[in-house]
>>> print(open('run28.cif').read())   # mmCIF, C-alpha atoms; chains and numbers go by the auth columns
data_work
#
loop_
_atom_site.group_PDB
_atom_site.id
_atom_site.type_symbol
_atom_site.label_atom_id
_atom_site.label_comp_id
_atom_site.label_asym_id
_atom_site.label_seq_id
_atom_site.Cartn_x
_atom_site.Cartn_y
_atom_site.Cartn_z
_atom_site.B_iso_or_equiv
_atom_site.auth_seq_id
_atom_site.auth_asym_id
ATOM 1 C CA MET A 1 0.000 0.000 0.000 0.00 1 A
ATOM 2 C CA PRO A 2 1.465 3.393 -0.958 0.00 2 A
ATOM 3 C CA GLN A 3 2.681 5.511 1.937 0.00 3 A
ATOM 4 C CA THR A 4 0.403 8.429 1.010 0.00 4 A
ATOM 5 C CA LEU A 5 -2.653 6.138 1.109 0.00 5 A
ATOM 6 C CA LYS A 6 -1.631 4.794 4.505 0.00 6 A
ATOM 7 C CA GLN A 7 -1.292 8.332 5.810 0.00 7 A
ATOM 8 C CA ALA A 8 -4.678 9.295 4.368 0.00 8 A
ATOM 9 C CA LEU A 9 -6.373 6.278 5.967 0.00 9 A
ATOM 10 C CA ALA A 10 -4.686 6.973 9.286 0.00 10 A
ATOM 11 C CA LEU A 11 -5.828 10.597 9.142 0.00 11 A
ATOM 12 C CA LEU A 12 -9.366 9.503 8.275 0.00 12 A
ATOM 13 C CA ALA A 13 -9.426 7.071 11.201 0.00 13 A
ATOM 14 C CA GLN A 14 -8.186 9.819 13.500 0.00 14 A
ATOM 15 C CA ARG A 15 -10.896 12.219 12.301 0.00 15 A
ATOM 16 C CA GLU A 16 -13.587 9.567 12.800 0.00 16 A
ATOM 17 C CA GLN A 17 -12.324 8.960 16.325 0.00 17 A
ATOM 18 C CA GLU A 18 -12.363 12.692 17.072 0.00 18 A
ATOM 19 C CA LEU A 19 -15.903 12.968 15.682 0.00 19 A
ATOM 20 C CA ALA A 20 -17.108 10.083 17.854 0.00 20 A
ATOM 21 C CA ALA A 21 -15.517 11.691 20.901 0.00 21 A
ATOM 22 C CA LEU A 22 -17.174 15.010 20.016 0.00 22 A
ATOM 23 C CA ARG A 23 -20.600 13.371 19.742 0.00 23 A
ATOM 24 C CA ALA A 24 -20.134 11.637 23.094 0.00 24 A
ATOM 25 C CA SER A 25 -19.024 14.921 24.641 0.00 25 A
ATOM 26 C CA GLN A 26 -22.077 16.735 23.264 0.00 26 A
ATOM 27 C CA GLN A 27 -24.340 14.077 24.765 0.00 27 A
ATOM 28 C CA GLU A 28 -22.663 14.557 28.150 0.00 28 A
ATOM 29 C CA TRP A 29 -23.239 18.295 27.926 0.00 29 A
ATOM 30 C CA VAL A 30 -26.917 17.772 27.164 0.00 30 A
ATOM 31 C CA GLN A 31 -27.165 15.435 30.159 0.00 31 A
ATOM 32 C CA ALA A 32 -25.344 17.873 32.417 0.00 32 A
ATOM 33 C CA VAL A 33 -27.458 20.868 31.457 0.00 33 A
ATOM 34 C CA SER A 34 -30.814 19.080 31.332 0.00 34 A
ATOM 35 C CA HIS A 35 -30.392 16.923 34.427 0.00 35 A
ATOM 36 C CA ASP A 36 -27.579 17.851 36.821 0.00 36 A
ATOM 37 C CA LEU A 37 -28.247 21.585 36.784 0.00 37 A
ATOM 38 C CA ARG A 38 -31.913 21.006 37.585 0.00 38 A
ATOM 39 C CA ALA A 39 -31.216 19.786 41.128 0.00 39 A
ATOM 40 C CA PRO A 40 -29.983 23.112 42.578 0.00 40 A
ATOM 41 C CA LEU A 41 -32.523 24.971 40.460 0.00 41 A
ATOM 42 C CA ARG A 42 -35.350 22.922 41.980 0.00 42 A
ATOM 43 C CA HIS A 43 -34.209 23.960 45.457 0.00 43 A
ATOM 44 C CA VAL A 44 -34.303 27.629 44.537 0.00 44 A
ATOM 45 C CA LEU A 45 -37.708 27.397 42.857 0.00 45 A
ATOM 46 C CA SER A 46 -39.391 25.155 45.419 0.00 46 A
ATOM 47 C CA PHE A 47 -38.192 26.814 48.626 0.00 47 A
ATOM 48 C CA GLY A 48 -39.092 30.350 47.506 0.00 48 A
ATOM 49 C CA PRO A 49 -42.871 29.826 47.833 0.00 49 A
ATOM 50 C CA LEU A 50 -42.355 28.065 51.177 0.00 50 A
ATOM 51 C CA VAL A 51 -40.513 31.086 52.549 0.00 51 A
ATOM 52 C CA SER A 52 -43.328 33.361 51.377 0.00 52 A
ATOM 53 C CA GLU A 53 -45.870 31.081 53.028 0.00 53 A
ATOM 54 C CA LEU A 54 -44.010 31.039 56.337 0.00 54 A
ATOM 55 C CA LEU A 55 -43.640 34.827 56.375 0.00 55 A
ATOM 56 C CA ARG A 56 -47.135 35.696 55.118 0.00 56 A
ATOM 57 C CA SER A 57 -48.124 37.041 58.529 0.00 57 A
ATOM 58 C CA GLU A 58 -47.091 40.531 59.610 0.00 58 A
ATOM 59 C CA GLN A 59 -45.799 39.009 62.844 0.00 59 A
ATOM 60 C CA PRO A 60 -44.703 35.460 62.010 0.00 60 A
ATOM 61 C CA ALA A 61 -43.969 33.024 64.785 0.00 61 A
ATOM 62 C CA VAL A 62 -40.359 32.587 65.868 0.00 62 A
ATOM 63 C CA GLN A 63 -40.410 28.985 64.674 0.00 63 A
ATOM 64 C CA ASP A 64 -41.617 30.062 61.223 0.00 64 A
ATOM 65 C CA VAL A 65 -38.868 32.681 60.978 0.00 65 A
ATOM 66 C CA GLN A 66 -36.222 30.115 61.898 0.00 66 A
ATOM 67 C CA GLU A 67 -37.549 27.669 59.319 0.00 67 A
ATOM 68 C CA ALA A 68 -37.668 30.397 56.675 0.00 68 A
ATOM 69 C CA ARG A 69 -34.044 31.261 57.412 0.00 69 A
ATOM 70 C CA SER A 70 -33.122 27.594 56.975 0.00 70 A
ATOM 71 C CA PHE A 71 -34.890 27.540 53.606 0.00 71 A
ATOM 72 C CA LEU A 72 -33.121 30.741 52.551 0.00 72 A
ATOM 73 C CA GLN A 73 -29.777 29.204 53.502 0.00 73 A
ATOM 74 C CA THR A 74 -30.545 26.160 51.358 0.00 74 A
ATOM 75 C CA MET A 75 -31.531 28.423 48.459 0.00 75 A
ATOM 76 C CA ASP A 76 -28.295 30.384 48.827 0.00 76 A
ATOM 77 C CA GLN A 77 -26.196 27.205 48.862 0.00 77 A
ATOM 78 C CA SER A 78 -28.007 25.854 45.814 0.00 78 A
ATOM 79 C CA ALA A 79 -27.566 29.106 43.900 0.00 79 A
ATOM 80 C CA ARG A 80 -23.843 29.152 44.712 0.00 80 A
ATOM 81 C CA ARG A 81 -23.497 25.532 43.635 0.00 81 A
ATOM 82 C CA MET A 82 -25.286 26.232 40.370 0.00 82 A
ATOM 83 C CA ALA A 83 -23.000 29.221 39.731 0.00 83 A
ATOM 84 C CA GLY A 84 -20.000 26.975 40.329 0.00 84 A
ATOM 85 C CA MET A 85 -21.390 24.416 37.902 0.00 85 A
ATOM 86 C CA PHE A 86 -21.842 27.074 35.209 0.00 86 A
ATOM 87 C CA ASP A 87 -18.280 28.324 35.779 0.00 87 A
ATOM 88 C CA SER A 88 -17.029 24.752 35.436 0.00 88 A
ATOM 89 C CA LEU A 89 -18.924 24.260 32.174 0.00 89 A
ATOM 90 C CA LEU A 90 -17.356 27.434 30.785 0.00 90 A
ATOM 91 C CA MET A 91 -13.909 26.179 31.813 0.00 91 A
ATOM 92 C CA LEU A 92 -14.537 22.862 30.057 0.00 92 A
ATOM 93 C CA ALA A 93 -15.781 24.667 26.952 0.00 93 A
ATOM 94 C CA ARG A 94 -12.629 26.779 26.757 0.00 94 A
ATOM 95 C CA ALA A 95 -10.409 23.723 27.225 0.00 95 A
ATOM 96 C CA ALA A 96 -12.255 21.936 24.419 0.00 96 A
ATOM 97 C CA ARG A 97 -12.143 24.823 21.950 0.00 97 A
ATOM 98 C CA GLN A 98 -9.025 26.922 22.429 0.00 98 A
ATOM 99 C CA PRO A 99 -6.411 26.488 19.651 0.00 99 A
ATOM 100 C CA LEU A 100 -3.583 24.098 20.508 0.00 100 A
ATOM 101 C CA GLN A 101 -0.083 25.537 20.770 0.00 101 A
ATOM 102 C CA TRP A 102 2.458 22.729 20.992 0.00 102 A
ATOM 103 C CA GLN A 103 5.690 23.747 22.668 0.00 103 A
ATOM 104 C CA PRO A 104 8.445 22.313 24.888 0.00 104 A
ATOM 105 C CA VAL A 105 7.357 22.010 28.529 0.00 105 A
ATOM 106 C CA ASP A 106 9.544 22.223 31.621 0.00 106 A
ATOM 107 C CA LEU A 107 7.621 19.418 33.301 0.00 107 A
ATOM 108 C CA GLY A 108 9.633 19.439 36.527 0.00 108 A
ATOM 109 C CA GLY A 109 9.307 23.185 36.942 0.00 109 A
ATOM 110 C CA LEU A 110 5.588 23.086 36.175 0.00 110 A
ATOM 111 C CA LEU A 111 4.946 20.365 38.745 0.00 111 A
ATOM 112 C CA GLN A 112 6.989 22.131 41.427 0.00 112 A
ATOM 113 C CA THR A 113 5.096 25.372 40.823 0.00 113 A
ATOM 114 C CA LEU A 114 1.713 23.659 41.040 0.00 114 A
ATOM 115 C CA MET A 115 2.662 21.764 44.206 0.00 115 A
ATOM 116 C CA ALA A 116 3.762 24.967 45.912 0.00 116 A
ATOM 117 C CA GLU A 117 0.622 26.848 44.825 0.00 117 A
ATOM 118 C CA LEU A 118 -1.773 24.114 45.941 0.00 118 A
ATOM 119 C CA GLN A 119 -0.147 23.555 49.325 0.00 119 A
ATOM 120 C CA SER A 120 -0.078 27.281 50.126 0.00 120 A
ATOM 121 C CA ALA A 121 -3.586 28.068 48.880 0.00 121 A
ATOM 122 C CA PRO A 122 -5.565 30.356 51.237 0.00 122 A
ATOM 123 C CA GLY A 123 -7.889 28.532 53.608 0.00 123 A
ATOM 124 C CA LEU A 124 -6.130 25.176 53.373 0.00 124 A
ATOM 125 C CA PRO A 125 -4.664 23.729 56.573 0.00 125 A
ATOM 126 C CA THR A 126 -0.913 23.257 56.682 0.00 126 A
ATOM 127 C CA ARG A 127 -0.036 19.572 56.639 0.00 127 A
ATOM 128 C CA HIS A 128 2.823 17.319 55.708 0.00 128 A
ATOM 129 C CA VAL A 129 2.628 15.544 52.366 0.00 129 A
ATOM 130 C CA GLN A 130 5.246 13.056 51.239 0.00 130 A
ATOM 131 C CA TRP A 131 5.865 13.677 47.551 0.00 131 A
ATOM 132 C CA ARG A 132 7.671 11.126 45.382 0.00 132 A
ATOM 133 C CA LEU A 133 8.854 12.670 42.128 0.00 133 A
ATOM 134 C CA PRO A 134 10.854 11.396 39.158 0.00 134 A
ATOM 135 C CA GLN A 135 14.612 11.699 39.545 0.00 135 A
ATOM 136 C CA GLN A 136 14.804 13.026 36.010 0.00 136 A
ATOM 137 C CA TYR A 137 12.231 14.705 33.823 0.00 137 A
ATOM 138 C CA PRO A 138 12.113 13.977 30.103 0.00 138 A
ATOM 139 C CA ALA A 139 11.900 16.703 27.497 0.00 139 A
ATOM 140 C CA VAL A 140 8.221 16.771 26.561 0.00 140 A
ATOM 141 C CA ARG A 141 5.922 18.772 24.336 0.00 141 A
ATOM 142 C CA ALA A 142 2.324 19.849 24.951 0.00 142 A
ATOM 143 C CA ASP A 143 0.049 22.862 25.111 0.00 143 A
ATOM 144 C CA THR A 144 1.393 24.299 28.367 0.00 144 A
ATOM 145 C CA PRO A 145 -1.753 26.135 29.591 0.00 145 A
ATOM 146 C CA LEU A 146 -3.948 23.089 28.930 0.00 146 A
ATOM 147 C CA LEU A 147 -1.478 20.677 30.531 0.00 147 A
ATOM 148 C CA ARG A 148 -1.221 22.977 33.543 0.00 148 A
ATOM 149 C CA GLN A 149 -5.005 22.871 33.988 0.00 149 A
ATOM 150 C CA ALA A 150 -5.073 19.081 33.822 0.00 150 A
ATOM 151 C CA LEU A 151 -2.160 18.624 36.227 0.00 151 A
ATOM 152 C CA GLN A 152 -3.625 21.151 38.635 0.00 152 A
ATOM 153 C CA ALA A 153 -6.914 19.223 38.687 0.00 153 A
ATOM 154 C CA VAL A 154 -5.190 15.874 39.306 0.00 154 A
ATOM 155 C CA LEU A 155 -2.859 17.186 42.029 0.00 155 A
ATOM 156 C CA SER A 156 -5.706 19.093 43.687 0.00 156 A
ATOM 157 C CA ASN A 157 -7.749 15.891 43.850 0.00 157 A
ATOM 158 C CA ALA A 158 -4.802 13.967 45.273 0.00 158 A
ATOM 159 C CA LEU A 159 -4.366 16.550 48.030 0.00 159 A
ATOM 160 C CA LYS A 160 -8.090 16.702 48.746 0.00 160 A
ATOM 161 C CA PHE A 161 -8.653 12.975 48.992 0.00 161 A
ATOM 162 C CA THR A 162 -5.597 12.382 51.220 0.00 162 A
ATOM 163 C CA ARG A 163 -6.343 15.045 53.812 0.00 163 A
ATOM 164 C CA SER A 164 -7.912 12.508 56.196 0.00 164 A
ATOM 165 C CA VAL A 165 -4.808 10.294 55.976 0.00 165 A
ATOM 166 C CA SER A 166 -2.246 10.726 58.752 0.00 166 A
ATOM 167 C CA GLU A 167 0.725 10.261 56.390 0.00 167 A
ATOM 168 C CA ALA A 168 -0.326 11.437 52.946 0.00 168 A
ATOM 169 C CA ARG A 169 1.764 10.141 50.040 0.00 169 A
ATOM 170 C CA ILE A 170 1.520 11.347 46.443 0.00 170 A
ATOM 171 C CA ALA A 171 3.707 9.871 43.705 0.00 171 A
ATOM 172 C CA ILE A 172 4.260 11.177 40.175 0.00 172 A
ATOM 173 C CA ALA A 173 5.717 9.019 37.417 0.00 173 A
ATOM 174 C CA VAL A 174 6.433 9.739 33.741 0.00 174 A
ATOM 175 C CA GLU A 175 7.133 7.131 31.087 0.00 175 A
ATOM 176 C CA ARG A 176 7.256 6.738 27.327 0.00 176 A
ATOM 177 C CA GLN A 177 4.392 4.770 25.797 0.00 177 A
ATOM 178 C CA ALA A 178 5.016 1.594 23.825 0.00 178 A
ATOM 179 C CA ASP A 179 4.650 3.394 20.479 0.00 179 A
ATOM 180 C CA GLY A 180 7.620 5.607 21.316 0.00 180 A
ATOM 181 C CA ALA A 181 5.760 8.830 20.541 0.00 181 A
ATOM 182 C CA GLY A 182 3.248 9.022 23.368 0.00 182 A
ATOM 183 C CA LEU A 183 3.732 9.894 27.005 0.00 183 A
ATOM 184 C CA THR A 184 2.014 8.772 30.200 0.00 184 A
ATOM 185 C CA LEU A 185 2.082 10.794 33.410 0.00 185 A
ATOM 186 C CA THR A 186 0.594 9.063 36.453 0.00 186 A
ATOM 187 C CA VAL A 187 -0.377 10.633 39.784 0.00 187 A
ATOM 188 C CA SER A 188 -0.984 8.117 42.583 0.00 188 A
ATOM 189 C CA ASP A 189 -2.104 8.746 46.163 0.00 189 A
ATOM 190 C CA ASN A 190 -2.893 6.763 49.301 0.00 190 A
ATOM 191 C CA GLY A 191 -6.148 8.576 50.015 0.00 191 A
ATOM 192 C CA VAL A 192 -9.716 7.410 50.491 0.00 192 A
ATOM 193 C CA GLY A 193 -10.057 5.965 46.980 0.00 193 A
ATOM 194 C CA PHE A 194 -13.485 4.837 45.773 0.00 194 A
ATOM 195 C CA ASP A 195 -15.376 1.772 44.600 0.00 195 A
ATOM 196 C CA ALA A 196 -14.890 1.629 40.829 0.00 196 A
ATOM 197 C CA ALA A 197 -17.853 -0.737 40.482 0.00 197 A
ATOM 198 C CA ARG A 198 -20.147 1.976 41.842 0.00 198 A
ATOM 199 C CA ALA A 199 -18.599 4.738 39.729 0.00 199 A
ATOM 200 C CA PRO A 200 -18.971 3.692 36.082 0.00 200 A
ATOM 201 C CA ALA A 201 -18.289 7.182 34.700 0.00 201 A
ATOM 202 C CA PRO A 202 -15.648 8.898 36.879 0.00 202 A
ATOM 203 C CA PHE A 203 -14.641 11.177 33.972 0.00 203 A
ATOM 204 C CA GLY A 204 -18.206 12.329 33.341 0.00 204 A
ATOM 205 C CA ILE A 205 -19.313 15.915 33.893 0.00 205 A
ATOM 206 C CA PHE A 206 -20.599 16.519 37.446 0.00 206 A
ATOM 207 C CA GLN A 207 -19.847 12.901 38.405 0.00 207 A
ATOM 208 C CA ARG A 208 -18.825 12.682 42.056 0.00 208 A
ATOM 209 C CA MET A 209 -17.196 9.692 43.751 0.00 209 A
ATOM 210 C CA HIS A 210 -18.052 10.882 47.271 0.00 210 A
ATOM 211 C CA ARG A 211 -20.840 12.770 48.997 0.00 211 A
ATOM 212 C CA GLU A 212 -20.613 16.559 48.927 0.00 212 A
ATOM 213 C CA SER A 213 -20.741 16.596 52.730 0.00 213 A
ATOM 214 C CA GLU A 214 -17.438 14.679 52.749 0.00 214 A
ATOM 215 C CA PHE A 215 -15.509 16.489 50.012 0.00 215 A
ATOM 216 C CA GLU A 216 -16.232 19.791 48.311 0.00 216 A
ATOM 217 C CA GLY A 217 -16.392 20.269 44.556 0.00 217 A
ATOM 218 C CA VAL A 218 -18.885 19.944 41.719 0.00 218 A
ATOM 219 C CA GLY A 219 -17.330 16.943 39.971 0.00 219 A
ATOM 220 C CA VAL A 220 -15.566 18.378 36.912 0.00 220 A
ATOM 221 C CA GLY A 221 -11.877 17.857 37.720 0.00 221 A
ATOM 222 C CA LEU A 222 -11.579 14.479 36.013 0.00 222 A
ATOM 223 C CA ALA A 223 -13.793 15.638 33.139 0.00 223 A
ATOM 224 C CA LEU A 224 -11.305 18.454 32.535 0.00 224 A
ATOM 225 C CA VAL A 225 -8.387 16.005 32.662 0.00 225 A
ATOM 226 C CA ARG A 226 -9.992 13.770 30.046 0.00 226 A
ATOM 227 C CA THR A 227 -10.864 16.759 27.831 0.00 227 A
ATOM 228 C CA VAL A 228 -7.267 17.996 27.858 0.00 228 A
ATOM 229 C CA CYS A 229 -5.807 14.539 27.195 0.00 229 A
ATOM 230 C CA ARG A 230 -8.138 14.022 24.247 0.00 230 A
ATOM 231 C CA ARG A 231 -7.206 17.426 22.851 0.00 231 A
ATOM 232 C CA LEU A 232 -3.582 16.263 22.990 0.00 232 A
ATOM 233 C CA GLY A 233 -4.399 13.095 21.070 0.00 233 A
ATOM 234 C CA GLY A 234 -4.617 10.738 24.030 0.00 234 A
ATOM 235 C CA ASP A 235 -6.953 9.922 26.899 0.00 235 A
ATOM 236 C CA ALA A 236 -7.057 9.473 30.663 0.00 236 A
ATOM 237 C CA SER A 237 -7.584 6.427 32.864 0.00 237 A
ATOM 238 C CA ILE A 238 -8.119 5.830 36.568 0.00 238 A
ATOM 239 C CA THR A 239 -7.836 2.968 39.046 0.00 239 A
ATOM 240 C CA ALA A 240 -8.926 3.067 42.673 0.00 240 A
ATOM 241 C CA VAL A 241 -9.496 0.913 45.741 0.00 241 A
ATOM 242 C CA PRO A 242 -11.662 2.068 48.670 0.00 242 A
ATOM 243 C CA GLY A 243 -9.429 3.140 51.548 0.00 243 A
ATOM 244 C CA GLN A 244 -6.230 2.571 49.559 0.00 244 A
ATOM 245 C CA GLY A 245 -6.105 5.549 47.223 0.00 245 A
ATOM 246 C CA CYS A 246 -6.230 5.998 43.496 0.00 246 A
ATOM 247 C CA SER A 247 -4.060 6.525 40.425 0.00 247 A
ATOM 248 C CA VAL A 248 -4.889 8.828 37.529 0.00 248 A
ATOM 249 C CA ALA A 249 -2.926 8.404 34.299 0.00 249 A
ATOM 250 C CA LEU A 250 -2.721 11.120 31.655 0.00 250 A
ATOM 251 C CA HIS A 251 -1.826 9.843 28.191 0.00 251 A
ATOM 252 C CA TRP A 252 -1.054 12.045 25.226 0.00 252 A
ATOM 253 C CA GLN A 253 0.508 11.588 21.809 0.00 253 A
ATOM 254 C CA GLY A 254 3.413 13.587 20.453 0.00 254 A
ATOM 255 C CA GLY A 255 4.362 14.389 24.006 0.00 255 A
ATOM 256 C CA TRP A 256 7.952 13.194 23.813 0.00 256 A
ATOM 257 C CA ASP A 257 10.272 15.937 22.643 0.00 257 A
ATOM 258 C CA ARG A 258 12.922 14.273 20.500 0.00 258 A
ATOM 259 C CA GLY A 259 14.736 17.520 19.919 0.00 259 A
#
>>> encode(input="run28.cif", output="structure tokens")
Amino acid sequence: MPQTLKQALALLAQREQELAALRASQQEWVQAVSHDLRAPLRHVLSFGPLVSELLRSEQPAVQDVQEARSFLQTMDQSARRMAGMFDSLLMLARAARQPLQWQPVDLGGLLQTLMAELQSAPGLPTRHVQWRLPQQYPAVRADTPLLRQALQAVLSNALKFTRSVSEARIAIAVERQADGAGLTLTVSDNGVGFDAARAPAPFGIFQRMHRESEFEGVGVGLALVRTVCRRLGGDASITAVPGQGCSVALHWQGGWDRG
């Protein structure tokens, strides 16, 4: 088979794969907007009339005022959550659409910067985290802003889900894929983990592995990671065991800088 025909078929297969991924992504967005955003909206819409009913009297009873305040607090929390969900959708949209700019990446420097930023973030308690990093960092290529977003999401999750562990450990590994062109970066932790059997779509939009009362967030971190990896010609994968932590692997093609 002529080389040009092979290249054309490979390009066609790649475009078909990208189109299938785009269709799946669009379906997720429809699900997120039509279903997940309705939950906080229902709270706002349903509790409003209840507050009006409780306060209909010119001198409402103390118990009614207290209950109305509780409803108002729930409405406020729901509105804030919905705002956070909209912000997250906008972030995902930008990551999926912004033009790619491949360039050499100082992977070690980027990771060190993110680690320092996350551990010194305002409002977070100071705690000891045992980091295990590669002894040497390969020369890699990627879209630096997109890769930074993905790594920030993964490291943030690792810190969040190890905060209840007395001796938190987070390990980062980088290796060349079997094809010689791709790259895999894995972040592993010894945190709370989760039951993979009960979480069939951990990379889905607004998919949470734990109750909101246990860990904050709206469930878009892993969705962002997958979006970035797919933009870079790869994908993301995750393994986890309840009580024993989890590992998130970022795969992307063309990531190894041969220069």
>>> residues_around(input="run28.cif", residues="segment 79-96 of chain A", least_positions_apart="2", cutoff="9 Å", atoms="only C-alpha atoms", output="list of chain:residue names")
A:Trp29, A:Leu37, A:Arg38, A:Ala39, A:Pro40, A:Leu41, A:His43, A:Val44, A:Thr74, A:Met75, A:Asp76, A:Gln77, A:Gln98, A:Pro99, A:Leu146, A:Gln149, A:Ile205, A:Phe206, A:Gly217, A:Val218, A:Gly219, A:Val220, A:Gly221, A:Ala223, A:Leu224, A:Thr227, A:Val228, A:Arg230, A:Arg231
>>> closest_residue(input="run28.cif", among="A:Val62, A:Ala68, A:Leu250, A:Ser46", to="Gln177 of chain A", atoms="only C-alpha atoms")
A:Leu250
>>> atom_distance(input="run28.cif", atom1="atom CA of Leu185 of chain A", atom2="atom CA of Trp131 of chain A")
14.9 Å
>>> resolve_selection(input="run28.cif", expression="the PyMOL selection byres ((chain A and resi 106-111) around 10)", output="PDB file with C-alpha atoms, keeping the file's coordinate frame")
ATOM      1  CA  GLN A 103       5.690  23.747  22.668  1.00  0.00           C
ATOM      2  CA  PRO A 104       8.445  22.313  24.888  1.00  0.00           C
ATOM      3  CA  VAL A 105       7.357  22.010  28.529  1.00  0.00           C
ATOM      4  CA  GLN A 112       6.989  22.131  41.427  1.00  0.00           C
ATOM      5  CA  THR A 113       5.096  25.372  40.823  1.00  0.00           C
ATOM      6  CA  LEU A 114       1.713  23.659  41.040  1.00  0.00           C
ATOM      7  CA  MET A 115       2.662  21.764  44.206  1.00  0.00           C
ATOM      8  CA  ALA A 116       3.762  24.967  45.912  1.00  0.00           C
ATOM      9  CA  GLU A 117       0.622  26.848  44.825  1.00  0.00           C
ATOM     10  CA  LEU A 133       8.854  12.670  42.128  1.00  0.00           C
ATOM     11  CA  PRO A 134      10.854  11.396  39.158  1.00  0.00           C
ATOM     12  CA  GLN A 135      14.612  11.699  39.545  1.00  0.00           C
ATOM     13  CA  GLN A 136      14.804  13.026  36.010  1.00  0.00           C
ATOM     14  CA  TYR A 137      12.231  14.705  33.823  1.00  0.00           C
ATOM     15  CA  PRO A 138      12.113  13.977  30.103  1.00  0.00           C
ATOM     16  CA  ALA A 139      11.900  16.703  27.497  1.00  0.00           C
ATOM     17  CA  VAL A 140       8.221  16.771  26.561  1.00  0.00           C
ATOM     18  CA  ARG A 141       5.922  18.772  24.336  1.00  0.00           C
ATOM     19  CA  ALA A 142       2.324  19.849  24.951  1.00  0.00           C
ATOM     20  CA  THR A 144       1.393  24.299  28.367  1.00  0.00           C
ATOM     21  CA  LEU A 147      -1.478  20.677  30.531  1.00  0.00           C
ATOM     22  CA  ARG A 148      -1.221  22.977  33.543  1.00  0.00           C
ATOM     23  CA  LEU A 151      -2.160  18.624  36.227  1.00  0.00           C
ATOM     24  CA  GLN A 152      -3.625  21.151  38.635  1.00  0.00           C
ATOM     25  CA  LEU A 155      -2.859  17.186  42.029  1.00  0.00           C
ATOM     26  CA  ILE A 172       4.260  11.177  40.175  1.00  0.00           C
ATOM     27  CA  VAL A 174       6.433   9.739  33.741  1.00  0.00           C
TER      28      VAL A 174
END
>>> residues_around(input="run28.cif", residues="Leu72 of chain A", least_positions_apart="6", cutoff="9 Å", atoms="all atoms listed in the file", output="JSON list (two decimals) with C-alpha atoms, in the frame of the given file")
[["chain", "number", "residue", "atom", "x", "y", "z"],
["A", 44, "VAL", "CA", -34.30, 27.63, 44.54],
["A", 47, "PHE", "CA", -38.19, 26.81, 48.63],
["A", 48, "GLY", "CA", -39.09, 30.35, 47.51],
["A", 51, "VAL", "CA", -40.51, 31.09, 52.55]]
>>> closest_residue(input="run28.cif", among="A:Asp143, A:Arg42, A:Ser120, A:Phe71", to="Leu55 of chain A", atoms="all atoms listed in the file")
A:Phe71
>>> resolve_selection(input="run28.cif", expression="the PyMOL selection byres ((chain A and resi 164) around 12)", output="VMD selection string")
chain A and resid 125 127 to 129 158 to 163 165 to 169 190 to 193 214 to 215 243 245
>>> atom_distance(input="run28.cif", atom1="atom CA of Ser57 of chain A", atom2="atom CA of Leu45 of chain A")
21.1 Å
>>> atom_distance(input="run28.cif", atom1="atom CA of Ala150 of chain A", atom2="atom CA of Cys229 of chain A")
8.1 Å
>>> resolve_selection(input="run28.cif", expression="the PyMOL selection byres ((chain A and resi 248) around 7)", output="list of chain:residue names")
A:Thr186, A:Val187, A:Ser188, A:Ser237, A:Ile238, A:Thr239, A:Cys246, A:Ser247, A:Ala249, A:Leu250
>>> closest_residue(input="run28.cif", among="A:Leu183, A:Ala171, A:Ala236, A:Leu100", to="Pro145 of chain A", atoms="only C-alpha atoms")
A:Leu100
>>> closest_residue(input="run28.cif", among="A:Glu175, A:Glu53, A:Asp36, A:Glu212", to="Glu67 of chain A", atoms="only C-alpha atoms")
A:Glu53
